[in-house]
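Engineer: To start, I am sharing the structure in question, which I have written as structure tokens.
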Amino acid sequence: MTVDPYSSSTIAIPEDHLVPRHIAIIMDGNGRWAAQRHLPRVEGHRAGIDSVRDVVETSARLGIGVLTLYAFSVENWKRPKAEIHVLMTLLKRYIRLELGTLQKNNIRFHVIGRPEALAPDVQHELQIGVEQTSRNTGMLFNIALNYGGRAEIVDAVRRVIASQTKPEELDEKRFSEFLYTANQPDPDLLIRTSGEMRVSNFLLWQIAYSEIWVTETLWPDFRRRHLLEAVVAYQKRDRRYGGIKPSPVALSVK
């Protein structure tokens with residue numbers, strides 16, 4: 001058994017089950033967390049930073065290959081400008097404060113989505129994070145910014161057309177090479193916090209066979225023990241990818 005060394009609570013992870021290669025998380029519930037405490041919504045976003053730090057470090061230490069966090073969707077531009085400003089300020093602050101931790105844990109930082117639409121100062125901080133961790137060889141940490149699953153597929157189609165790929169040359173494997181997550185394994189496990197039962201336009205192509213784990217826990221309260229609970233639940237799943245396991249055949253001897 002492998003025991004979580006970073007928590008006072010003990011959660012055993014069977015060694016005969018592999019950890020997910022790629023975990024994707026829809027971080028939901030910041031606003032609800034703040035409302036329950038009669039605080040402004042932005043305070044929920046601030047509190048959520050601690051959850052990001054905990055989950056990123058724990059994932060790296062568990063040996064997860066890729067972690068993708070859904071930070072800002074293409075639909076989030078509909079939110080009040082003041083809230084968007086706070087979100088972007090928190091993003092810049094996270095990169096500045098956590099860059100050393102990412103380096104220490106050999107984590108490579110990567111952005112998926114349409115970051116070119118973000119403010120120049122935000123793009124600058126993101127670029128620093130990407131460049132300074134580019135030589136790290138440990139976990140790949142994707143942050144999805146100005147991201148939409150449908151937008152990603154549209155962008156991929158545009159790249160296919162621009163590449164002049166012939167129709168007969170295009171299959172699912174080839175198409176995946178034009179996605180934001182090219183050369184990355186698809187998520188084995190999709191986690192959603194706050195209890196909502198929807199995928200919210202997140203990694204629509206990639207989660208075709210992902211195991212989904214939903215928790216009522218709001219994102220600011222999500223910690224390593226919740227992540228480990230999700231991993232243990234994943235390990236108990238019977239992943240058949242559309243197939244079936246052969247049933248035992250009864251043999252009779254005459």
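Residue numbering restarts at 1 in every chain; chains get A, B, ... in the order shown in the structure tokens, and ligands count up from 1 in that same order.
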Within 7 Å of Ala24 (chain A), counting only C-alpha atoms, which residues show up once you throw out same-chain ones fewer than 4 positions away? Write them as a PDB file with C-alpha atoms, in the first residue's frame, please.

Structural biologist:
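The resulting file, out.pdb, is shown below:
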```
ATOM      1  CA  LEU A  67      -2.749  17.683 -14.767  1.00  0.00           C
ATOM      2  CA  THR A  68      -5.174  20.033 -16.536  1.00  0.00           C
ATOM      3  CA  LEU A  69      -7.090  22.687 -14.593  1.00  0.00           C
ATOM      4  CA  PRO A 187      -7.566  12.316 -19.373  1.00  0.00           C
ATOM      5  CA  LEU A 189      -9.980  10.868 -14.810  1.00  0.00           C
ATOM      6  CA  LEU A 190     -12.196  13.969 -14.949  1.00  0.00           C
ATOM      7  CA  ILE A 191     -12.977  15.560 -11.584  1.00  0.00           C
TER       8      ILE A 191
END
```

Engineer: With a distance cut-off of 8 Å and only C-alpha atoms, select the neighbouring residues of Val19 (chain A), excluding the residue or stretch itself and same-chain residues fewer than 2 positions from it, and output the selection as a list in words.

Structural biologist: His17, Arg21, Leu62, Gly63, Ile64, Val231 and Gln235 of chain A

Engineer: Compile the contact shell of Thr58 (chain A) as a PyMOL selection string: residues with an atom at most 10 Å away, counting only C-alpha atoms, same-chain residues fewer than 3 positions apart removed.

Structural biologist: chain A and resi 4-6+52-55+61-64+223-225+227-228

Engineer: Using the chain letters and numbers from this document, which residues of region 45-250 of chain A does DSSP assign to strand (DSSP E), as a PyMOL selection string?

Structural biologist: chain A and resi 66-73+108-113+140-147+189-192+211-214

Engineer: How about saving the chosen residues, N, CA, C and O atoms kept, as a compact mmCIF listing (two decimals), in the first residue's frame?

Structural biologist:
```txt
# COMPACT_ATOMS: atom_id res chain seq x y z
N VAL A 66 0.09 14.18 -16.36
CA VAL A 66 -0.47 15.45 -16.83
C VAL A 66 -1.62 15.85 -15.92
O VAL A 66 -2.46 15.02 -15.57
N LEU A 67 -1.64 17.11 -15.54
CA LEU A 67 -2.75 17.68 -14.77
C LEU A 67 -3.27 18.88 -15.54
O LEU A 67 -2.50 19.78 -15.90
N THR A 68 -4.57 18.91 -15.82
CA THR A 68 -5.17 20.03 -16.54
C THR A 68 -6.26 20.67 -15.68
O THR A 68 -7.22 19.99 -15.28
N LEU A 69 -6.11 21.95 -15.39
CA LEU A 69 -7.09 22.69 -14.59
C LEU A 69 -7.84 23.68 -15.47
O LEU A 69 -7.22 24.43 -16.22
N TYR A 70 -9.16 23.67 -15.35
CA TYR A 70 -10.03 24.56 -16.12
C TYR A 70 -10.14 25.88 -15.36
O TYR A 70 -10.89 26.00 -14.41
N ALA A 71 -9.38 26.88 -15.77
CA ALA A 71 -9.28 28.13 -15.01
C ALA A 71 -10.20 29.23 -15.51
O ALA A 71 -10.75 29.99 -14.71
N PHE A 72 -10.33 29.35 -16.84
CA PHE A 72 -11.13 30.46 -17.39
C PHE A 72 -11.64 30.04 -18.76
O PHE A 72 -10.85 29.75 -19.66
N SER A 73 -12.95 29.99 -18.90
CA SER A 73 -13.55 29.53 -20.16
C SER A 73 -13.85 30.70 -21.08
O SER A 73 -13.86 31.87 -20.67
N ARG A 108 6.38 21.12 -15.44
CA ARG A 108 6.40 21.93 -16.66
C ARG A 108 5.04 22.61 -16.83
O ARG A 108 4.02 21.96 -16.84
N PHE A 109 5.06 23.92 -16.97
CA PHE A 109 3.84 24.73 -17.07
C PHE A 109 3.47 24.95 -18.53
O PHE A 109 4.34 25.23 -19.36
N HIS A 110 2.20 24.80 -18.83
CA HIS A 110 1.74 24.91 -20.22
C HIS A 110 0.35 25.53 -20.23
O HIS A 110 -0.43 25.35 -19.29
N VAL A 111 0.04 26.28 -21.28
CA VAL A 111 -1.27 26.94 -21.41
C VAL A 111 -2.00 26.37 -22.61
O VAL A 111 -1.43 26.23 -23.69
N ILE A 112 -3.27 26.01 -22.41
CA ILE A 112 -4.11 25.60 -23.54
C ILE A 112 -5.31 26.53 -23.63
O ILE A 112 -5.79 27.05 -22.63
N GLY A 113 -5.76 26.75 -24.84
CA GLY A 113 -6.87 27.68 -25.07
C GLY A 113 -6.47 28.72 -26.09
O GLY A 113 -5.68 28.46 -27.00
N LEU A 140 3.41 17.53 -16.41
CA LEU A 140 2.98 18.62 -17.25
C LEU A 140 1.73 19.23 -16.65
O LEU A 140 0.73 18.53 -16.45
N PHE A 141 1.77 20.50 -16.32
CA PHE A 141 0.65 21.21 -15.71
C PHE A 141 0.03 22.12 -16.76
O PHE A 141 0.57 23.17 -17.09
N ASN A 142 -1.12 21.69 -17.30
CA ASN A 142 -1.88 22.51 -18.25
C ASN A 142 -2.83 23.42 -17.50
O ASN A 142 -3.58 22.95 -16.62
N ILE A 143 -2.86 24.68 -17.84
CA ILE A 143 -3.89 25.56 -17.34
C ILE A 143 -4.71 26.02 -18.53
O ILE A 143 -4.17 26.53 -19.52
N ALA A 144 -6.02 25.77 -18.49
CA ALA A 144 -6.91 26.10 -19.59
C ALA A 144 -7.45 27.51 -19.40
O ALA A 144 -8.20 27.78 -18.46
N LEU A 145 -7.02 28.41 -20.29
CA LEU A 145 -7.38 29.83 -20.19
C LEU A 145 -8.02 30.30 -21.49
O LEU A 145 -7.50 30.01 -22.58
N ASN A 146 -9.11 31.04 -21.36
CA ASN A 146 -9.90 31.42 -22.53
C ASN A 146 -10.12 30.17 -23.38
O ASN A 146 -9.88 30.14 -24.58
N TYR A 147 -10.53 29.11 -22.69
CA TYR A 147 -10.66 27.80 -23.29
C TYR A 147 -12.12 27.42 -23.50
O TYR A 147 -12.99 27.72 -22.67
N LEU A 189 -9.06 10.49 -15.88
CA LEU A 189 -9.98 10.87 -14.81
C LEU A 189 -10.36 12.34 -14.94
O LEU A 189 -9.50 13.20 -15.02
N LEU A 190 -11.67 12.60 -14.95
CA LEU A 190 -12.20 13.97 -14.95
C LEU A 190 -12.87 14.20 -13.61
O LEU A 190 -13.79 13.46 -13.23
N ILE A 191 -12.41 15.21 -12.89
CA ILE A 191 -12.98 15.56 -11.58
C ILE A 191 -13.75 16.86 -11.71
O ILE A 191 -13.28 17.82 -12.33
N ARG A 192 -14.95 16.89 -11.10
CA ARG A 192 -15.69 18.15 -11.03
C ARG A 192 -16.09 18.39 -9.58
O ARG A 192 -16.65 17.52 -8.92
N GLU A 211 -13.00 8.49 -16.99
CA GLU A 211 -13.83 8.21 -15.82
C GLU A 211 -14.16 9.55 -15.17
O GLU A 211 -13.29 10.43 -15.06
N ILE A 212 -15.42 9.72 -14.76
CA ILE A 212 -15.85 11.00 -14.19
C ILE A 212 -16.13 10.81 -12.70
O ILE A 212 -16.81 9.86 -12.29
N TRP A 213 -15.58 11.72 -11.90
CA TRP A 213 -15.78 11.69 -10.45
C TRP A 213 -16.25 13.07 -10.02
O TRP A 213 -15.55 14.07 -10.24
N VAL A 214 -17.43 13.14 -9.42
CA VAL A 214 -18.03 14.41 -9.00
C VAL A 214 -18.11 14.43 -7.48
O VAL A 214 -18.51 13.44 -6.86
```

Engineer: Which residues are close to Glu152 (chain A), i.e. within 12 Å by only C-alpha atoms, leaving aside same-chain residues fewer than 3 positions away? Reply as a ChimeraX atom specification.

Structural biologist: /A:73-74,112-114,144-149,155-159,175-182,201-206

Engineer: Grab the residues selected above and save them as an mmCIF file, in the first residue's frame with C-alpha atoms.

Structural biologist:
```cif
data_model
loop_
_atom_site.group_PDB
_atom_site.id
_atom_site.type_symbol
_atom_site.label_atom_id
_atom_site.label_comp_id
_atom_site.auth_asym_id
_atom_site.auth_seq_id
_atom_site.Cartn_x
_atom_site.Cartn_y
_atom_site.Cartn_z
ATOM 1 C CA SER A 73 -13.548 29.533 -20.156
ATOM 2 C CA VAL A 74 -14.512 31.417 -23.293
ATOM 3 C CA ILE A 112 -4.109 25.597 -23.536
ATOM 4 C CA GLY A 113 -6.865 27.679 -25.069
ATOM 5 C CA ARG A 114 -6.697 31.029 -26.791
ATOM 6 C CA ALA A 144 -6.914 26.097 -19.590
ATOM 7 C CA LEU A 145 -7.378 29.832 -20.193
ATOM 8 C CA ASN A 146 -9.897 31.421 -22.531
ATOM 9 C CA TYR A 147 -10.659 27.796 -23.288
ATOM 10 C CA GLY A 148 -13.676 26.115 -24.846
ATOM 11 C CA GLY A 149 -13.981 22.541 -26.028
ATOM 12 C CA ASP A 155 -9.223 25.569 -34.136
ATOM 13 C CA ALA A 156 -8.080 22.017 -34.819
ATOM 14 C CA VAL A 157 -10.146 21.871 -38.020
ATOM 15 C CA ARG A 158 -8.582 25.143 -39.131
ATOM 16 C CA ARG A 159 -5.121 23.672 -38.549
ATOM 17 C CA PHE A 175 -6.834 14.736 -35.792
ATOM 18 C CA SER A 176 -5.720 14.653 -32.160
ATOM 19 C CA GLU A 177 -2.349 16.002 -33.281
ATOM 20 C CA PHE A 178 -4.052 19.307 -34.126
ATOM 21 C CA LEU A 179 -5.656 19.763 -30.698
ATOM 22 C CA TYR A 180 -4.249 21.990 -27.946
ATOM 23 C CA THR A 181 -3.262 18.786 -26.123
ATOM 24 C CA ALA A 182 -1.323 17.265 -29.028
ATOM 25 C CA ASN A 201 -17.514 22.550 -22.691
ATOM 26 C CA PHE A 202 -14.256 21.152 -21.278
ATOM 27 C CA LEU A 203 -11.977 18.848 -23.293
ATOM 28 C CA LEU A 204 -14.928 17.514 -25.285
ATOM 29 C CA TRP A 205 -12.793 15.436 -27.643
ATOM 30 C CA GLN A 206 -10.356 14.202 -25.025
#
```

Engineer: Just give me the gap between CA of Met88 (chain A) and CA of Asp121 (chain A) in Å, one decimal is fine.

Structural biologist: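 Interatomic distance, CA of Met88 (chain A) to CA of Asp121 (chain A): 9.5 Å.
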
Engineer: Distance CA of Phe222 (chain A)-CA of Leu99 (chain A), one decimal place?

Structural biologist: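 A separation of 21.5 Å between them.
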